$ cat protein_27.cif   # mmCIF, C-alpha atoms
data_input
#
loop_
_atom_site.group_PDB
_atom_site.id
_atom_site.type_symbol
_atom_site.label_atom_id
_atom_site.label_comp_id
_atom_site.auth_asym_id
_atom_site.auth_seq_id
_atom_site.Cartn_x
_atom_site.Cartn_y
_atom_site.Cartn_z
ATOM 1 C CA MET Z 1 10.726 -5.662 23.236
ATOM 2 C CA ASN Z 2 10.717 -5.975 19.441
ATOM 3 C CA GLY Z 3 10.922 -9.751 19.711
ATOM 4 C CA SER Z 4 7.436 -9.788 21.213
ATOM 5 C CA TYR Z 5 6.045 -8.293 18.001
ATOM 6 C CA GLU Z 6 6.978 -11.308 15.873
ATOM 7 C CA GLN Z 7 3.832 -13.186 16.858
ATOM 8 C CA TYR Z 8 1.585 -10.473 15.423
ATOM 9 C CA SER Z 9 0.616 -9.849 11.815
ATOM 10 C CA ASP Z 10 1.597 -6.573 10.179
ATOM 11 C CA GLU Z 11 -2.035 -5.529 10.175
ATOM 12 C CA GLU Z 12 -2.352 -6.181 13.903
ATOM 13 C CA LEU Z 13 0.805 -4.175 14.522
ATOM 14 C CA ILE Z 14 -0.549 -1.242 12.519
ATOM 15 C CA VAL Z 15 -3.642 -1.212 14.730
ATOM 16 C CA ARG Z 16 -1.433 -1.150 17.824
ATOM 17 C CA LEU Z 17 0.676 1.597 16.286
ATOM 18 C CA ARG Z 18 -2.448 3.695 15.733
ATOM 19 C CA ASP Z 19 -3.290 3.095 19.395
ATOM 20 C CA GLY Z 20 -0.047 4.741 20.464
ATOM 21 C CA GLU Z 21 2.765 2.141 20.402
ATOM 22 C CA ALA Z 22 5.148 4.365 18.444
ATOM 23 C CA GLN Z 23 8.080 1.929 18.687
ATOM 24 C CA ILE Z 24 6.270 -0.392 16.265
ATOM 25 C CA THR Z 25 7.328 1.934 13.452
ATOM 26 C CA ASP Z 26 10.995 1.107 14.126
ATOM 27 C CA TYR Z 27 10.206 -2.621 14.246
ATOM 28 C CA ILE Z 28 8.429 -2.614 10.881
ATOM 29 C CA MET Z 29 11.141 -0.447 9.288
ATOM 30 C CA GLU Z 30 13.753 -2.978 10.394
ATOM 31 C CA LYS Z 31 11.598 -5.929 9.342
ATOM 32 C CA TYR Z 32 11.278 -4.694 5.765
ATOM 33 C CA LYS Z 33 14.756 -3.256 5.339
ATOM 34 C CA ASN Z 34 15.860 -6.236 3.227
ATOM 35 C CA LEU Z 35 12.884 -5.724 0.903
ATOM 36 C CA VAL Z 36 14.061 -2.170 0.310
ATOM 37 C CA LYS Z 37 17.638 -3.304 -0.330
ATOM 38 C CA SER Z 38 16.463 -5.938 -2.790
ATOM 39 C CA LYS Z 39 14.433 -3.403 -4.773
ATOM 40 C CA ALA Z 40 17.338 -0.947 -4.728
ATOM 41 C CA LYS Z 41 19.544 -3.627 -6.257
ATOM 42 C CA SER Z 42 17.152 -4.158 -9.183
ATOM 43 C CA MET Z 43 16.523 -0.423 -9.747
ATOM 44 C CA TYR Z 44 20.268 0.223 -9.710
ATOM 45 C CA ILE Z 45 20.446 -0.753 -13.392
ATOM 46 C CA LEU Z 46 18.498 2.404 -14.246
ATOM 47 C CA GLY Z 47 21.600 4.385 -13.326
ATOM 48 C CA ALA Z 48 20.672 5.597 -9.860
ATOM 49 C CA ASP Z 49 22.978 5.473 -6.861
ATOM 50 C CA ARG Z 50 22.145 2.411 -4.758
ATOM 51 C CA GLU Z 51 22.522 4.138 -1.392
ATOM 52 C CA ASP Z 52 20.258 6.954 -2.555
ATOM 53 C CA LEU Z 53 17.706 4.384 -3.680
ATOM 54 C CA ILE Z 54 17.820 2.623 -0.325
ATOM 55 C CA GLN Z 55 17.187 5.941 1.386
ATOM 56 C CA GLU Z 56 14.263 6.679 -0.926
ATOM 57 C CA GLY Z 57 12.944 3.164 -0.376
ATOM 58 C CA MET Z 58 12.995 3.630 3.387
ATOM 59 C CA ILE Z 59 11.048 6.861 2.915
ATOM 60 C CA GLY Z 60 8.510 4.908 0.857
ATOM 61 C CA LEU Z 61 8.317 2.296 3.601
ATOM 62 C CA PHE Z 62 7.731 4.974 6.225
ATOM 63 C CA LYS Z 63 4.924 6.436 4.105
ATOM 64 C CA ALA Z 64 3.398 2.962 3.811
ATOM 65 C CA ILE Z 65 3.359 2.604 7.589
ATOM 66 C CA ARG Z 66 1.883 6.076 7.949
ATOM 67 C CA ASP Z 67 -0.775 5.764 5.251
ATOM 68 C CA TYR Z 68 -1.820 2.100 5.370
ATOM 69 C CA ASP Z 69 -5.585 1.714 5.682
ATOM 70 C CA ILE Z 70 -6.626 -1.768 6.812
ATOM 71 C CA GLY Z 71 -10.161 -1.354 5.547
ATOM 72 C CA ARG Z 72 -9.194 0.017 2.138
ATOM 73 C CA ASP Z 73 -5.817 -1.391 1.081
ATOM 74 C CA ALA Z 74 -4.607 -4.910 0.372
ATOM 75 C CA SER Z 75 -2.224 -6.619 2.790
ATOM 76 C CA PHE Z 76 0.388 -4.366 4.364
ATOM 77 C CA PHE Z 77 3.159 -6.235 2.526
ATOM 78 C CA THR Z 78 1.530 -5.554 -0.858
ATOM 79 C CA PHE Z 79 0.914 -1.915 0.024
ATOM 80 C CA ALA Z 80 4.486 -1.442 1.322
ATOM 81 C CA ASP Z 81 5.937 -3.122 -1.778
ATOM 82 C CA LEU Z 82 4.031 -0.673 -3.988
ATOM 83 C CA CYS Z 83 4.961 2.394 -1.908
ATOM 84 C CA VAL Z 84 8.660 1.493 -1.909
ATOM 85 C CA SER Z 85 8.697 0.867 -5.681
ATOM 86 C CA ARG Z 86 6.874 4.115 -6.437
ATOM 87 C CA GLN Z 87 9.158 6.159 -4.205
ATOM 88 C CA MET Z 88 12.286 4.729 -5.822
ATOM 89 C CA TYR Z 89 11.071 5.116 -9.378
ATOM 90 C CA THR Z 90 9.867 8.657 -8.746
ATOM 91 C CA ALA Z 91 13.367 9.477 -7.474
ATOM 92 C CA VAL Z 92 14.940 7.990 -10.608
ATOM 93 C CA GLN Z 93 12.601 10.005 -12.823
ATOM 94 C CA ALA Z 94 13.236 13.211 -10.902
ATOM 95 C CA ALA Z 95 16.955 12.820 -11.447
ATOM 96 C CA GLY Z 96 16.400 12.298 -15.171
ATOM 97 C CA ARG Z 97 18.480 9.140 -15.041
ATOM 98 C CA GLN Z 98 15.896 6.914 -16.658
ATOM 99 C CA LYS Z 99 16.327 8.588 -20.056
ATOM 100 C CA HIS Z 100 19.396 6.620 -21.097
ATOM 101 C CA ALA Z 101 19.402 3.144 -19.603
ATOM 102 C CA PRO Z 102 22.837 1.513 -19.246
ATOM 103 C CA LEU Z 103 24.169 -1.174 -21.528
ATOM 104 C CA ASN Z 104 23.134 -4.204 -19.514
ATOM 105 C CA THR Z 105 19.436 -3.267 -19.571
ATOM 106 C CA TYR Z 106 19.332 -3.828 -23.310
ATOM 107 C CA ILE Z 107 21.058 -7.170 -22.905
ATOM 108 C CA SER Z 108 18.110 -8.220 -20.743
ATOM 109 C CA LEU Z 109 15.679 -7.119 -23.432
ATOM 110 C CA TYR Z 110 17.437 -9.263 -26.059
ATOM 111 C CA ALA Z 111 17.271 -12.212 -23.695
ATOM 112 C CA ASN Z 112 13.571 -11.829 -23.014
ATOM 113 C CA MET Z 113 12.710 -12.158 -26.683
ATOM 114 C CA SER Z 114 14.131 -15.667 -26.784
ATOM 115 C CA GLY Z 115 10.979 -17.157 -25.261
ATOM 116 C CA GLN Z 116 12.753 -18.631 -22.263
ATOM 117 C CA GLU Z 117 11.168 -19.008 -18.853
ATOM 118 C CA ASP Z 118 11.840 -16.157 -16.423
ATOM 119 C CA GLY Z 119 14.192 -18.168 -14.214
ATOM 120 C CA GLU Z 120 16.320 -19.340 -17.118
ATOM 121 C CA GLU Z 121 16.226 -15.868 -18.649
ATOM 122 C CA ARG Z 122 17.473 -14.156 -15.485
ATOM 123 C CA GLU Z 123 20.234 -16.698 -15.091
ATOM 124 C CA MET Z 124 21.349 -16.171 -18.686
ATOM 125 C CA ILE Z 125 21.251 -12.389 -18.279
ATOM 126 C CA ASN Z 126 23.445 -12.594 -15.204
ATOM 127 C CA ASP Z 127 25.937 -14.748 -17.112
ATOM 128 C CA ILE Z 128 26.026 -12.309 -20.039
ATOM 129 C CA ILE Z 129 26.497 -9.298 -17.806
ATOM 130 C CA SER Z 130 29.163 -11.073 -15.781
ATOM 131 C CA GLN Z 131 31.087 -11.972 -18.933
ATOM 132 C CA ALA Z 132 30.744 -8.457 -20.307
ATOM 133 C CA GLU Z 133 32.167 -7.004 -17.105
ATOM 134 C CA LYS Z 134 35.157 -9.339 -17.378
ATOM 135 C CA ASN Z 135 35.736 -8.581 -21.081
ATOM 136 C CA PRO Z 136 35.620 -4.812 -21.636
ATOM 137 C CA GLU Z 137 36.833 -5.230 -25.225
ATOM 138 C CA GLU Z 138 33.701 -7.189 -26.133
ATOM 139 C CA LEU Z 139 31.595 -4.583 -24.404
ATOM 140 C CA LEU Z 140 33.133 -1.826 -26.527
ATOM 141 C CA ILE Z 141 32.556 -3.792 -29.741
ATOM 142 C CA ASP Z 142 28.846 -4.054 -28.979
ATOM 143 C CA ARG Z 143 28.409 -0.511 -27.733
ATOM 144 C CA GLU Z 144 27.986 1.023 -31.196
ATOM 145 C CA ASN Z 145 25.109 -1.293 -32.121
ATOM 146 C CA LEU Z 146 23.507 -0.789 -28.743
ATOM 147 C CA GLU Z 147 23.754 2.983 -29.061
ATOM 148 C CA LEU Z 148 21.911 2.735 -32.378
ATOM 149 C CA LEU Z 149 19.244 0.640 -30.698
ATOM 150 C CA GLU Z 150 18.998 3.158 -27.863
ATOM 151 C CA LYS Z 151 18.417 5.975 -30.367
ATOM 152 C CA ALA Z 152 15.728 3.926 -32.084
ATOM 153 C CA ILE Z 153 14.045 3.271 -28.745
ATOM 154 C CA ASP Z 154 14.161 6.961 -27.888
ATOM 155 C CA LYS Z 155 12.515 7.797 -31.223
ATOM 156 C CA GLU Z 156 9.957 4.979 -31.493
ATOM 157 C CA LEU Z 157 8.655 4.600 -27.937
ATOM 158 C CA SER Z 158 6.120 6.890 -26.312
ATOM 159 C CA GLY Z 159 6.748 8.369 -22.878
ATOM 160 C CA PHE Z 160 4.531 5.735 -21.242
ATOM 161 C CA GLU Z 161 6.244 2.927 -23.155
ATOM 162 C CA LYS Z 162 9.662 4.156 -21.997
ATOM 163 C CA GLN Z 163 8.456 4.093 -18.390
ATOM 164 C CA VAL Z 164 7.142 0.554 -18.853
ATOM 165 C CA LEU Z 165 10.437 -0.529 -20.431
ATOM 166 C CA ASP Z 166 12.495 0.967 -17.608
ATOM 167 C CA LEU Z 167 10.553 -0.912 -14.941
ATOM 168 C CA TYR Z 168 10.319 -4.123 -16.974
ATOM 169 C CA LEU Z 169 14.083 -4.217 -17.233
ATOM 170 C CA THR Z 170 14.396 -4.160 -13.436
ATOM 171 C CA GLY Z 171 12.604 -7.517 -13.376
ATOM 172 C CA MET Z 172 9.044 -6.367 -12.655
ATOM 173 C CA LYS Z 173 6.010 -8.131 -14.118
ATOM 174 C CA TYR Z 174 3.505 -6.036 -16.062
ATOM 175 C CA THR Z 175 1.030 -6.241 -13.164
ATOM 176 C CA GLN Z 176 3.608 -4.697 -10.817
ATOM 177 C CA ILE Z 177 4.511 -2.057 -13.392
ATOM 178 C CA ALA Z 178 0.840 -1.116 -13.720
ATOM 179 C CA LYS Z 179 0.609 -0.501 -9.978
ATOM 180 C CA VAL Z 180 3.778 1.599 -9.847
ATOM 181 C CA LEU Z 181 2.661 3.767 -12.760
ATOM 182 C CA GLY Z 182 -0.969 3.955 -11.654
ATOM 183 C CA ARG Z 183 -2.270 2.349 -14.856
ATOM 184 C CA ASP Z 184 -4.493 -0.668 -15.472
ATOM 185 C CA ASP Z 185 -3.040 -4.100 -16.217
ATOM 186 C CA LYS Z 186 -4.382 -4.322 -19.783
ATOM 187 C CA SER Z 187 -2.941 -1.020 -21.015
ATOM 188 C CA THR Z 188 0.405 -1.844 -19.404
ATOM 189 C CA ASP Z 189 0.550 -5.328 -20.946
ATOM 190 C CA ASN Z 190 -0.425 -3.856 -24.328
ATOM 191 C CA ALA Z 191 2.353 -1.277 -24.011
ATOM 192 C CA LEU Z 192 4.847 -4.056 -23.247
ATOM 193 C CA GLN Z 193 3.787 -5.977 -26.359
ATOM 194 C CA ARG Z 194 4.119 -2.825 -28.488
ATOM 195 C CA ILE Z 195 7.604 -2.252 -27.075
ATOM 196 C CA LYS Z 196 8.709 -5.772 -28.009
ATOM 197 C CA ASN Z 197 7.284 -5.454 -31.515
ATOM 198 C CA LYS Z 198 8.917 -2.072 -32.116
ATOM 199 C CA ILE Z 199 12.303 -3.279 -30.936
ATOM 200 C CA ARG Z 200 12.086 -6.513 -32.934
ATOM 201 C CA ARG Z 201 11.758 -4.340 -36.041
ATOM 202 C CA GLN Z 202 15.034 -2.629 -35.128
ATOM 203 C CA LEU Z 203 17.011 -5.868 -34.655
#
$ encode --input "protein_27.cif" --output "structure tokens"
Amino acid sequence: MNGSYEQYSDEELIVRLRDGEAQITDYIMEKYKNLVKSKAKSMYILGADREDLIQEGMIGLFKAIRDYDIGRDASFFTFADLCVSRQMYTAVQAAGRQKHAPLNTYISLYANMSGQEDGEEREMINDIISQAEKNPEELLIDRENLELLEKAIDKELSGFEKQVLDLYLTGMKYTQIAKVLGRDDKSTDNALQRIKNKIRRQL
């Protein structure tokens, strides 16, 4: 039966769901499961358990299906993407795991200051992290400097700036971060620029 739903848009399916076709919920949950897994993979660097994040993401997806308003919200995909991200990040915050980001998040911050394009930057980050995982001795050598940087970040950044940094390091753009945190684009972009300037002073 689910195969017959493929010809309909998400918005059309939501209308049918509201009209009583309860099985559509299962279809949409399955359809967007890979989106949830992808987001869990990026949020994993904040120190949360990936399986827990997937579970939270599926809860966020369910809430999106339940709460989506065709007349008020953007496309269902955009709304679901936001709900999943918010649910995951709220879970990370509740666990207090966002306070001390792991080593590889700061590697990504160094890389982003090089002025490279996003695609090149992400590829370079992956290479650095991969090499660090293969060479634990090099990782230990750098840990002391990175711990000093972490302390500086903890001291210099405001609470909002720390939230922006956490989400930025998962690969989100400032526009996405603004939506997750419920802030406007300009204040979020300004916070990101302040973060970069403050950390440059520490390097």
$ atom_distance --input "protein_27.cif" --atom1 "atom CA of Asp81 of chain Z" --atom2 "atom CA of Arg194 of chain Z"
26.8 Å
$ resolve_selection --input "protein_27.cif" --expression "the PyMOL selection byres ((chain Z and resi 78) around 12)" --output "ChimeraX atom specification"
/Z:10-11,32,35,61,64-65,68,70,73-77,79-85,176,179-180
$ resolve_selection --input "protein_27.cif" --expression "the PyMOL selection byres ((chain Z and resi 165) around 10)" --output "ChimeraX atom specification"
/Z:98,101,105-106,109,153,157,159-164,166-170,172,174,177,191-192,195-196
$ write_last_selection --input "protein_27.cif" --atoms "C-alpha atoms" --output "short mmCIF file (atom, residue, chain, number, x, y, z; two decimals), keeping the file's coordinate frame"
data_model
loop_
_atom_site.label_atom_id
_atom_site.label_comp_id
_atom_site.auth_asym_id
_atom_site.auth_seq_id
_atom_site.Cartn_x
_atom_site.Cartn_y
_atom_site.Cartn_z
CA GLN Z 98 15.90 6.91 -16.66
CA ALA Z 101 19.40 3.14 -19.60
CA THR Z 105 19.44 -3.27 -19.57
CA TYR Z 106 19.33 -3.83 -23.31
CA LEU Z 109 15.68 -7.12 -23.43
CA ILE Z 153 14.04 3.27 -28.74
CA LEU Z 157 8.65 4.60 -27.94
CA GLY Z 159 6.75 8.37 -22.88
CA PHE Z 160 4.53 5.74 -21.24
CA GLU Z 161 6.24 2.93 -23.16
CA LYS Z 162 9.66 4.16 -22.00
CA GLN Z 163 8.46 4.09 -18.39
CA VAL Z 164 7.14 0.55 -18.85
CA ASP Z 166 12.50 0.97 -17.61
CA LEU Z 167 10.55 -0.91 -14.94
CA TYR Z 168 10.32 -4.12 -16.97
CA LEU Z 169 14.08 -4.22 -17.23
CA THR Z 170 14.40 -4.16 -13.44
CA MET Z 172 9.04 -6.37 -12.66
CA TYR Z 174 3.50 -6.04 -16.06
CA ILE Z 177 4.51 -2.06 -13.39
CA ALA Z 191 2.35 -1.28 -24.01
CA LEU Z 192 4.85 -4.06 -23.25
CA ILE Z 195 7.60 -2.25 -27.08
CA LYS Z 196 8.71 -5.77 -28.01
#
$ atom_distance --input "protein_27.cif" --atom1 "atom CA of Ile54 of chain Z" --atom2 "atom CA of Val36 of chain Z"
6.1 Å
$ resolve_selection --input "protein_27.cif" --expression "the PyMOL selection byres ((chain Z and resi 12) around 12)" --output "list in words"
Tyr5, Glu6, Gln7, Tyr8, Ser9, Asp10, Glu11, Leu13, Ile14, Val15, Arg16, Leu17, Arg18, Asp19, Glu21, Ile24, Ile28, Tyr68, Asp69, Ile70, Ser75 and Phe76 of chain Z
$ atom_distance --input "protein_27.cif" --atom1 "atom CA of Met88 of chain Z" --atom2 "atom CA of Gly60 of chain Z"
7.7 Å
$ closest_residue --input "protein_27.cif" --among "Z:Asn190, Z:Asp49, Z:Arg66, Z:Lys41" --to "Thr25 of chain Z" --atoms "only C-alpha atoms"
Z:Arg66
$ closest_residue --input "protein_27.cif" --among "Z:Tyr27, Z:Asp67, Z:Ala40, Z:Glu156" --to "Ser4 of chain Z" --atoms "only C-alpha atoms"
Z:Tyr27
